[in-house]
Each structure stands twice: as C-alpha cells, then as structure tokens.
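Everything below belongs to final_38.pdb, which stores PDB, N, CA and C atoms.
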ATOM      1  N   MET A   1       0.850  -1.187   0.000
ATOM      2  CA  MET A   1       0.000   0.000   0.000
ATOM      3  C   MET A   1       0.890   1.243   0.000
ATOM      4  N   SER A   2       0.616   2.142  -0.904
ATOM      5  CA  SER A   2       1.438   3.334  -0.976
ATOM      6  C   SER A   2       1.059   4.330   0.118
ATOM      7  N   ARG A   3       1.919   5.270   0.315
ATOM      8  CA  ARG A   3       1.706   6.265   1.357
ATOM      9  C   ARG A   3       0.493   7.153   1.060
ATOM     10  N   ASP A   4       0.276   7.507  -0.206
ATOM     11  CA  ASP A   4      -0.849   8.364  -0.587
ATOM     12  C   ASP A   4      -2.187   7.678  -0.332
ATOM     13  N   THR A   5      -2.242   6.362  -0.585
ATOM     14  CA  THR A   5      -3.480   5.630  -0.372
ATOM     15  C   THR A   5      -3.828   5.570   1.104
ATOM     16  N   SER A   6      -2.851   5.326   1.957
ATOM     17  CA  SER A   6      -3.119   5.250   3.395
ATOM     18  C   SER A   6      -3.533   6.611   3.947
ATOM     19  N   ALA A   7      -2.953   7.678   3.432
ATOM     20  CA  ALA A   7      -3.345   9.023   3.868
ATOM     21  C   ALA A   7      -4.783   9.321   3.447
ATOM     22  N   ALA A   8      -5.160   8.889   2.245
ATOM     23  CA  ALA A   8      -6.521   9.120   1.770
ATOM     24  C   ALA A   8      -7.519   8.325   2.616
ATOM     25  N   ASN A   9      -7.172   7.090   2.978
ATOM     26  CA  ASN A   9      -8.053   6.285   3.828
ATOM     27  C   ASN A   9      -8.217   6.910   5.199
ATOM     28  N   PHE A  10      -7.134   7.433   5.758
ATOM     29  CA  PHE A  10      -7.197   8.064   7.075
ATOM     30  C   PHE A  10      -8.113   9.284   7.044
ATOM     31  N   LYS A  11      -8.009  10.095   6.001
ATOM     32  CA  LYS A  11      -8.855  11.281   5.876
ATOM     33  C   LYS A  11     -10.327  10.880   5.722
ATOM     34  N   THR A  12     -10.594   9.830   4.967
ATOM     35  CA  THR A  12     -11.967   9.368   4.779
ATOM     36  C   THR A  12     -12.547   8.869   6.094
ATOM     37  N   GLN A  13     -11.763   8.146   6.877
ATOM     38  CA  GLN A  13     -12.234   7.637   8.157
ATOM     39  C   GLN A  13     -12.518   8.774   9.126
ATOM     40  N   ASN A  14     -11.694   9.795   9.129
ATOM     41  CA  ASN A  14     -11.907  10.928  10.024
ATOM     42  C   ASN A  14     -13.157  11.712   9.662
ATOM     43  N   LEU A  15     -13.466  11.821   8.392
ATOM     44  CA  LEU A  15     -14.625  12.600   7.956
ATOM     45  C   LEU A  15     -15.924  11.814   8.072
ATOM     46  N   ARG A  16     -15.841  10.503   8.267
ATOM     47  CA  ARG A  16     -17.051   9.701   8.328
ATOM     48  C   ARG A  16     -17.935  10.107   9.515
ATOM     49  N   GLY A  17     -17.339  10.465  10.647
ATOM     50  CA  GLY A  17     -18.108  10.892  11.811
ATOM     51  C   GLY A  17     -18.811  12.215  11.597
ATOM     52  N   GLN A  18     -18.311  13.019  10.676
ATOM     53  CA  GLN A  18     -18.921  14.319  10.424
ATOM     54  C   GLN A  18     -20.067  14.241   9.420
ATOM     55  N   ALA A  19     -20.326  13.055   8.864
ATOM     56  CA  ALA A  19     -21.430  12.906   7.913
ATOM     57  C   ALA A  19     -22.712  12.476   8.617
ATOM     58  N   LEU A  20     -22.638  12.182   9.915
ATOM     59  CA  LEU A  20     -23.809  11.756  10.677
ATOM     60  C   LEU A  20     -24.232  12.855  11.633
ATOM     61  N   LEU A  21     -25.531  12.992  11.821
ATOM     62  CA  LEU A  21     -26.062  13.991  12.743
ATOM     63  C   LEU A  21     -26.557  13.321  14.018
ATOM     64  N   PHE A  22     -26.279  13.969  15.145
ATOM     65  CA  PHE A  22     -26.715  13.478  16.440
ATOM     66  C   PHE A  22     -27.517  14.561  17.146
ATOM     67  N   ARG A  23     -28.440  14.156  18.022
ATOM     68  CA  ARG A  23     -29.266  15.084  18.794
ATOM     69  C   ARG A  23     -28.936  14.915  20.272
ATOM     70  N   CYS A  24     -28.762  16.036  20.958
ATOM     71  CA  CYS A  24     -28.561  16.018  22.402
ATOM     72  C   CYS A  24     -29.901  15.690  23.054
ATOM     73  N   LEU A  25     -29.910  14.693  23.938
ATOM     74  CA  LEU A  25     -31.150  14.270  24.585
ATOM     75  C   LEU A  25     -31.632  15.275  25.625
ATOM     76  N   VAL A  26     -30.739  16.139  26.092
ATOM     77  CA  VAL A  26     -31.095  17.113  27.124
ATOM     78  C   VAL A  26     -31.664  18.384  26.502
ATOM     79  N   THR A  27     -30.969  18.936  25.492
ATOM     80  CA  THR A  27     -31.369  20.223  24.925
ATOM     81  C   THR A  27     -32.046  20.115  23.560
ATOM     82  N   GLY A  28     -31.849  18.991  22.846
ATOM     83  CA  GLY A  28     -32.430  18.845  21.515
ATOM     84  C   GLY A  28     -31.582  19.431  20.408
ATOM     85  N   PHE A  29     -30.378  19.907  20.717
ATOM     86  CA  PHE A  29     -29.486  20.510  19.724
ATOM     87  C   PHE A  29     -28.976  19.431  18.776
ATOM     88  N   VAL A  30     -29.016  19.684  17.464
ATOM     89  CA  VAL A  30     -28.608  18.702  16.454
ATOM     90  C   VAL A  30     -27.372  19.200  15.726
ATOM     91  N   THR A  31     -26.351  18.351  15.670
ATOM     92  CA  THR A  31     -25.124  18.676  14.948
ATOM     93  C   THR A  31     -24.314  17.400  14.763
ATOM     94  N   THR A  32     -23.091  17.524  14.238
ATOM     95  CA  THR A  32     -22.227  16.359  14.041
ATOM     96  C   THR A  32     -21.665  15.889  15.379
ATOM     97  N   ALA A  33     -21.113  14.674  15.403
ATOM     98  CA  ALA A  33     -20.616  14.089  16.648
ATOM     99  C   ALA A  33     -19.516  14.920  17.316
ATOM    100  N   PRO A  34     -18.479  15.361  16.598
ATOM    101  CA  PRO A  34     -17.434  16.137  17.266
ATOM    102  C   PRO A  34     -17.949  17.471  17.818
ATOM    103  N   ALA A  35     -18.816  18.122  17.058
ATOM    104  CA  ALA A  35     -19.356  19.408  17.508
ATOM    105  C   ALA A  35     -20.298  19.225  18.695
ATOM    106  N   LEU A  36     -21.065  18.133  18.699
ATOM    107  CA  LEU A  36     -21.981  17.878  19.809
ATOM    108  C   LEU A  36     -21.210  17.570  21.088
ATOM    109  N   THR A  37     -20.083  16.897  20.967
ATOM    110  CA  THR A  37     -19.249  16.621  22.143
ATOM    111  C   THR A  37     -18.771  17.925  22.760
ATOM    112  N   ARG A  38     -18.277  18.846  21.936
ATOM    113  CA  ARG A  38     -17.815  20.146  22.444
ATOM    114  C   ARG A  38     -18.978  20.941  23.044
ATOM    115  N   TYR A  39     -20.137  20.909  22.390
ATOM    116  CA  TYR A  39     -21.334  21.610  22.865
ATOM    117  C   TYR A  39     -21.747  21.092  24.240
ATOM    118  N   GLN A  40     -21.798  19.756  24.392
ATOM    119  CA  GLN A  40     -22.236  19.173  25.653
ATOM    120  C   GLN A  40     -21.218  19.395  26.769
ATOM    121  N   GLN A  41     -19.936  19.276  26.464
ATOM    122  CA  GLN A  41     -18.912  19.499  27.480
ATOM    123  C   GLN A  41     -18.920  20.945  27.962
ATOM    124  N   GLY A  42     -19.180  21.878  27.064
ATOM    125  CA  GLY A  42     -19.237  23.289  27.431
ATOM    126  C   GLY A  42     -20.401  23.612  28.352
ATOM    127  N   ARG A  43     -21.448  22.801  28.314
ATOM    128  CA  ARG A  43     -22.619  23.028  29.157
ATOM    129  C   ARG A  43     -22.711  22.060  30.334
ATOM    130  N   GLY A  44     -21.685  21.229  30.500
ATOM    131  CA  GLY A  44     -21.663  20.301  31.620
ATOM    132  C   GLY A  44     -22.611  19.128  31.459
ATOM    133  N   ILE A  45     -22.932  18.762  30.215
ATOM    134  CA  ILE A  45     -23.835  17.643  29.926
ATOM    135  C   ILE A  45     -22.975  16.419  29.619
ATOM    136  N   GLU A  46     -23.388  15.276  30.105
ATOM    137  CA  GLU A  46     -22.669  14.028  29.830
ATOM    138  C   GLU A  46     -22.688  13.768  28.322
ATOM    139  N   PRO A  47     -21.517  13.580  27.670
ATOM    140  CA  PRO A  47     -21.477  13.391  26.213
ATOM    141  C   PRO A  47     -22.182  12.139  25.700
ATOM    142  N   THR A  48     -22.520  11.213  26.573
ATOM    143  CA  THR A  48     -23.238  10.017  26.120
ATOM    144  C   THR A  48     -24.729  10.278  25.961
ATOM    145  N   GLN A  49     -25.215  11.431  26.364
ATOM    146  CA  GLN A  49     -26.630  11.780  26.259
ATOM    147  C   GLN A  49     -26.937  12.278  24.848
ATOM    148  N   ARG A  50     -26.906  11.349  23.876
ATOM    149  CA  ARG A  50     -27.146  11.707  22.476
ATOM    150  C   ARG A  50     -27.818  10.561  21.761
ATOM    151  N   GLU A  51     -28.462  10.893  20.634
ATOM    152  CA  GLU A  51     -29.057   9.857  19.795
ATOM    153  C   GLU A  51     -28.752  10.174  18.337
ATOM    154  N   LEU A  52     -28.624   9.136  17.541
ATOM    155  CA  LEU A  52     -28.345   9.286  16.118
ATOM    156  C   LEU A  52     -29.609   9.731  15.401
ATOM    157  N   VAL A  53     -29.497  10.802  14.613
ATOM    158  CA  VAL A  53     -30.639  11.315  13.861
ATOM    159  C   VAL A  53     -30.612  10.768  12.442
ATOM    160  N   GLY A  54     -29.455  10.768  11.801
ATOM    161  CA  GLY A  54     -29.336  10.269  10.433
ATOM    162  C   GLY A  54     -28.150  10.908   9.752
ATOM    163  N   GLN A  55     -28.082  10.749   8.445
ATOM    164  CA  GLN A  55     -26.987  11.334   7.690
ATOM    165  C   GLN A  55     -27.230  12.810   7.440
ATOM    166  N   ARG A  56     -26.141  13.535   7.368
ATOM    167  CA  ARG A  56     -26.218  14.965   7.108
ATOM    168  C   ARG A  56     -26.551  15.190   5.639
ATOM    169  N   PRO A  57     -27.595  15.980   5.333
ATOM    170  CA  PRO A  57     -27.910  16.259   3.930
ATOM    171  C   PRO A  57     -26.830  17.136   3.290
ATOM    172  N   ALA A  58     -26.749  17.100   1.986
ATOM    173  CA  ALA A  58     -25.712  17.854   1.261
ATOM    174  C   ALA A  58     -25.867  19.357   1.448
ATOM    175  N   ASN A  59     -27.083  19.853   1.624
ATOM    176  CA  ASN A  59     -27.309  21.294   1.749
ATOM    177  C   ASN A  59     -27.441  21.733   3.210
ATOM    178  N   TRP A  60     -26.925  20.935   4.143
ATOM    179  CA  TRP A  60     -27.061  21.220   5.570
ATOM    180  C   TRP A  60     -26.170  22.389   5.978
ATOM    181  N   ILE A  61     -26.759  23.343   6.708
ATOM    182  CA  ILE A  61     -26.016  24.497   7.218
ATOM    183  C   ILE A  61     -26.101  24.441   8.736
ATOM    184  N   PRO A  62     -24.953  24.338   9.417
ATOM    185  CA  PRO A  62     -25.001  24.244  10.871
ATOM    186  C   PRO A  62     -25.496  25.538  11.502
ATOM    187  N   GLU A  63     -26.169  25.402  12.612
ATOM    188  CA  GLU A  63     -26.690  26.538  13.344
ATOM    189  C   GLU A  63     -25.806  26.806  14.549
ATOM    190  N   ALA A  64     -25.493  28.043  14.802
ATOM    191  CA  ALA A  64     -24.694  28.368  15.978
ATOM    192  C   ALA A  64     -25.568  28.237  17.215
ATOM    193  N   PRO A  65     -25.043  27.649  18.279
ATOM    194  CA  PRO A  65     -25.849  27.545  19.498
ATOM    195  C   PRO A  65     -26.185  28.920  20.055
ATOM    196  N   THR A  66     -27.353  29.043  20.643
ATOM    197  CA  THR A  66     -27.800  30.308  21.210
ATOM    198  C   THR A  66     -28.053  30.124  22.697
ATOM    199  N   THR A  67     -27.500  31.031  23.496
ATOM    200  CA  THR A  67     -27.689  31.012  24.940
ATOM    201  C   THR A  67     -28.329  32.326  25.349
ATOM    202  N   VAL A  68     -29.351  32.282  26.203
ATOM    203  CA  VAL A  68     -30.012  33.494  26.678
ATOM    204  C   VAL A  68     -29.364  33.907  27.994
ATOM    205  N   CYS A  69     -28.949  35.165  28.069
ATOM    206  CA  CYS A  69     -28.293  35.694  29.264
ATOM    207  C   CYS A  69     -29.333  35.882  30.373
ATOM    208  N   GLU A  70     -29.025  35.345  31.549
ATOM    209  CA  GLU A  70     -29.964  35.454  32.661
ATOM    210  C   GLU A  70     -29.966  36.843  33.290
ATOM    211  N   HIS A  71     -28.953  37.647  33.005
ATOM    212  CA  HIS A  71     -28.861  38.982  33.594
ATOM    213  C   HIS A  71     -29.635  40.030  32.796
ATOM    214  N   CYS A  72     -29.390  40.046  31.477
ATOM    215  CA  CYS A  72     -30.018  41.095  30.659
ATOM    216  C   CYS A  72     -31.051  40.552  29.678
ATOM    217  N   GLY A  73     -31.152  39.225  29.512
ATOM    218  CA  GLY A  73     -32.153  38.642  28.639
ATOM    219  C   GLY A  73     -31.775  38.603  27.171
ATOM    220  N   MET A  74     -30.563  38.986  26.826
ATOM    221  CA  MET A  74     -30.134  38.999  25.436
ATOM    222  C   MET A  74     -29.779  37.588  24.967
ATOM    223  N   ALA A  75     -30.157  37.234  23.745
ATOM    224  CA  ALA A  75     -29.788  35.953  23.146
ATOM    225  C   ALA A  75     -28.411  36.102  22.519
ATOM    226  N   VAL A  76     -27.463  35.305  22.985
ATOM    227  CA  VAL A  76     -26.083  35.382  22.515
ATOM    228  C   VAL A  76     -25.824  34.181  21.610
ATOM    229  N   ARG A  77     -25.481  34.423  20.350
ATOM    230  CA  ARG A  77     -25.169  33.346  19.413
ATOM    231  C   ARG A  77     -23.693  33.024  19.497
ATOM    232  N   GLY A  78     -23.389  31.737  19.463
ATOM    233  CA  GLY A  78     -21.995  31.306  19.470
ATOM    234  C   GLY A  78     -21.701  30.379  20.633
ATOM    235  N   ASN A  79     -20.431  30.156  20.847
ATOM    236  CA  ASN A  79     -20.008  29.210  21.870
ATOM    237  C   ASN A  79     -19.889  29.877  23.239
ATOM    238  N   GLN A  80     -19.333  29.137  24.202
ATOM    239  CA  GLN A  80     -19.212  29.663  25.563
ATOM    240  C   GLN A  80     -18.260  30.850  25.634
ATOM    241  N   TRP A  81     -17.272  30.912  24.753
ATOM    242  CA  TRP A  81     -16.354  32.043  24.738
ATOM    243  C   TRP A  81     -17.126  33.321  24.392
ATOM    244  N   ALA A  82     -18.013  33.245  23.405
ATOM    245  CA  ALA A  82     -18.818  34.408  23.024
ATOM    246  C   ALA A  82     -19.732  34.819  24.172
ATOM    247  N   PHE A  83     -20.253  33.846  24.913
ATOM    248  CA  PHE A  83     -21.139  34.151  26.037
ATOM    249  C   PHE A  83     -20.357  34.825  27.168
ATOM    250  N   ARG A  84     -19.141  34.361  27.437
ATOM    251  CA  ARG A  84     -18.305  35.010  28.463
ATOM    252  C   ARG A  84     -17.953  36.438  28.059
ATOM    253  N   GLN A  85     -17.685  36.629  26.767
ATOM    254  CA  GLN A  85     -17.404  37.979  26.275
ATOM    255  C   GLN A  85     -18.612  38.887  26.491
ATOM    256  N   HIS A  86     -19.803  38.357  26.230
ATOM    257  CA  HIS A  86     -21.022  39.145  26.430
ATOM    258  C   HIS A  86     -21.177  39.534  27.903
ATOM    259  N   GLN A  87     -20.917  38.598  28.821
ATOM    260  CA  GLN A  87     -21.084  38.872  30.239
ATOM    261  C   GLN A  87     -20.134  39.951  30.731
ATOM    262  N   GLN A  88     -19.055  40.173  29.997
ATOM    263  CA  GLN A  88     -18.116  41.230  30.356
ATOM    264  C   GLN A  88     -18.438  42.553  29.663
ATOM    265  N   SER A  89     -19.483  42.575  28.839
ATOM    266  CA  SER A  89     -19.853  43.794  28.122
ATOM    267  C   SER A  89     -20.515  44.805  29.070
ATOM    268  N   LYS A  90     -20.537  46.065  28.665
ATOM    269  CA  LYS A  90     -21.124  47.129  29.498
ATOM    270  C   LYS A  90     -22.624  46.903  29.694
ATOM    271  N   ARG A  91     -23.314  46.440  28.655
ATOM    272  CA  ARG A  91     -24.750  46.227  28.752
ATOM    273  C   ARG A  91     -25.068  45.186  29.837
ATOM    274  N   CYS A  92     -24.352  44.081  29.827
ATOM    275  CA  CYS A  92     -24.623  43.020  30.793
ATOM    276  C   CYS A  92     -24.142  43.427  32.181
ATOM    277  N   GLN A  93     -23.045  44.140  32.265
ATOM    278  CA  GLN A  93     -22.545  44.603  33.571
ATOM    279  C   GLN A  93     -23.551  45.534  34.235
ATOM    280  N   LYS A  94     -24.162  46.433  33.440
ATOM    281  CA  LYS A  94     -25.180  47.333  33.992
ATOM    282  C   LYS A  94     -26.390  46.567  34.492
ATOM    283  N   ALA A  95     -26.802  45.552  33.743
ATOM    284  CA  ALA A  95     -27.956  44.748  34.156
ATOM    285  C   ALA A  95     -27.649  43.963  35.430
ATOM    286  N   GLN A  96     -26.412  43.506  35.575
ATOM    287  CA  GLN A  96     -26.007  42.756  36.781
ATOM    288  C   GLN A  96     -26.001  43.680  37.991
ATOM    289  N   GLN A  97     -25.545  44.918  37.806
ATOM    290  CA  GLN A  97     -25.500  45.871  38.928
ATOM    291  C   GLN A  97     -26.890  46.327  39.338
ATOM    292  N   ALA A  98     -27.814  46.410  38.365
ATOM    293  CA  ALA A  98     -29.167  46.859  38.657
ATOM    294  C   ALA A  98     -29.965  45.796  39.424
ATOM    295  N   ALA A  99     -29.591  44.547  39.236
ATOM    296  CA  ALA A  99     -30.327  43.447  39.882
ATOM    297  C   ALA A  99     -29.983  43.284  41.355
TER     298      ALA A  99
END
Target format structure tokens, applied to this file:
Amino acid sequence: MSRDTSAANFKTQNLRGQALLFRCLVTGFVTTAPALTRYQQGRGIEPTQRELVGQRPANWIPEAPTTVCEHCGMAVRGNQWAFRQHQQSKRCQKAQQAA
C-alpha cells in the first residue's frame, strides 16, 4: 500500500463521523458528533446523552448555538467564549448591577 493511499483512507475515516447527525437528549441541539461533544462538554452535559438522527444532507447548514443571558435577557449566538465575552460587556454589567 502506498503512502498516498493510506493518507486518503485516514482522511476518509476521520470525515465519516462528520457525515452523521446526532441530537442532544437534554437540549435537543442537532449537529455532528465532534461538535456535539464540544457543545455538551461546554454546558456540563454528559457526552453520552445523544441519539443518532441520520446522515447529514448535502445542503445542511449548521446553526450556531444560542444562549439566553440570565442577567439582561439577550440571546447570545456562538459558543461559551462568546457568552463570556457578552457577560463582560457594558450592557450586561449594567444589568447585573441593577439586579
């Protein structure tokens, strides 16, 4: 087996997990397996709490997770880093001080 063939097989095996969609049993969020693992770990959810939904369609566009801020009520799109950035914003700081 040549080196190029083994590299191509390795890449195909790695991408196979990204062709399947999984749903979080706790929140209902649907995405690929690697992304769902990061999503669940960021929210303190056990990564085994998932179910297979099916194959990802060719025209599938992933949705960014949305978290609602408990201080100011704003919906923050993105990951936990974006949510932490929002909590340090002037708008959220004012809402925290007013409460």
Report task. Would you mind reading off the distance between CA of Gln93 in chain A and CA of Gly73 in chain A, one decimal, in Å? Result -> 12.3 Å
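Shortest atom-to-atom contact with Ala19 in chain A among A:Arg38, A:Arg56, A:Arg91, A:Arg84: A:Arg56, counting only N, CA and C atoms.
Close contacts of range 41-53 of chain A, defined as residues with an atom at most 6 Å away when counting all atoms listed in the file, with chain neighbours fewer than 4 positions off set aside, comprise Leu21, Phe22, Arg23, Cys24, Leu25, Val26, Leu36 and Thr37 of chain A.
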Could you save the residues just selected, with N, CA and C atoms, as a compact mmCIF listing (two decimals), keeping the file's coordinate frame?
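Just written: selection30.txt:
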# COMPACT_ATOMS: atom_id res chain seq x y z
N LEU A 21 -25.53 12.99 11.82
CA LEU A 21 -26.06 13.99 12.74
C LEU A 21 -26.56 13.32 14.02
N PHE A 22 -26.28 13.97 15.14
CA PHE A 22 -26.72 13.48 16.44
C PHE A 22 -27.52 14.56 17.15
N ARG A 23 -28.44 14.16 18.02
CA ARG A 23 -29.27 15.08 18.79
C ARG A 23 -28.94 14.92 20.27
N CYS A 24 -28.76 16.04 20.96
CA CYS A 24 -28.56 16.02 22.40
C CYS A 24 -29.90 15.69 23.05
N LEU A 25 -29.91 14.69 23.94
CA LEU A 25 -31.15 14.27 24.58
C LEU A 25 -31.63 15.28 25.62
N VAL A 26 -30.74 16.14 26.09
CA VAL A 26 -31.10 17.11 27.12
C VAL A 26 -31.66 18.38 26.50
N LEU A 36 -21.06 18.13 18.70
CA LEU A 36 -21.98 17.88 19.81
C LEU A 36 -21.21 17.57 21.09
N THR A 37 -20.08 16.90 20.97
CA THR A 37 -19.25 16.62 22.14
C THR A 37 -18.77 17.92 22.76
**Report entry** Sel. of helix (DSSP H, G or I) residues, chain A, as a count of residues only
**Finding:** 44
Spatial neighbours of Gly78 in chain A, 5 Å, all atoms listed in the file, chain gap at least 3 places, as a PDB file with N, CA and C atoms, in the coordinates of the input:
ATOM      1  N   ALA A  64     -25.493  28.043  14.802  1.00  0.00           N
ATOM      2  CA  ALA A  64     -24.694  28.368  15.978  1.00  0.00           C
ATOM      3  C   ALA A  64     -25.568  28.237  17.215  1.00  0.00           C
ATOM      4  N   PRO A  65     -25.043  27.649  18.279  1.00  0.00           N
ATOM      5  CA  PRO A  65     -25.849  27.545  19.498  1.00  0.00           C
ATOM      6  C   PRO A  65     -26.185  28.920  20.055  1.00  0.00           C
ATOM      7  N   THR A  66     -27.353  29.043  20.643  1.00  0.00           N
ATOM      8  CA  THR A  66     -27.800  30.308  21.210  1.00  0.00           C
ATOM      9  C   THR A  66     -28.053  30.124  22.697  1.00  0.00           C
TER      10      THR A  66
END
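Note that atom C of Gln88 in chain A and atom N of Val76 in chain A are 13.4 Å apart.
The residue that comes closest to Glu70 in chain A, out of A:Lys90, A:Gln85, A:Thr31, A:Gln96 and on the basis of all atoms listed in the file, is A:Gln96.
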Report task. Identify all residues of chain A in strand (DSSP E or B) (DSSP on the backbone) and supply them as a ChimeraX atom specification. Result -> /A:20-24,30-32,50-55,66-68,75-77
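Rounded to one decimal, CA of Gln87 in chain A and CA of Ala99 in chain A lie 14.1 Å from each other.
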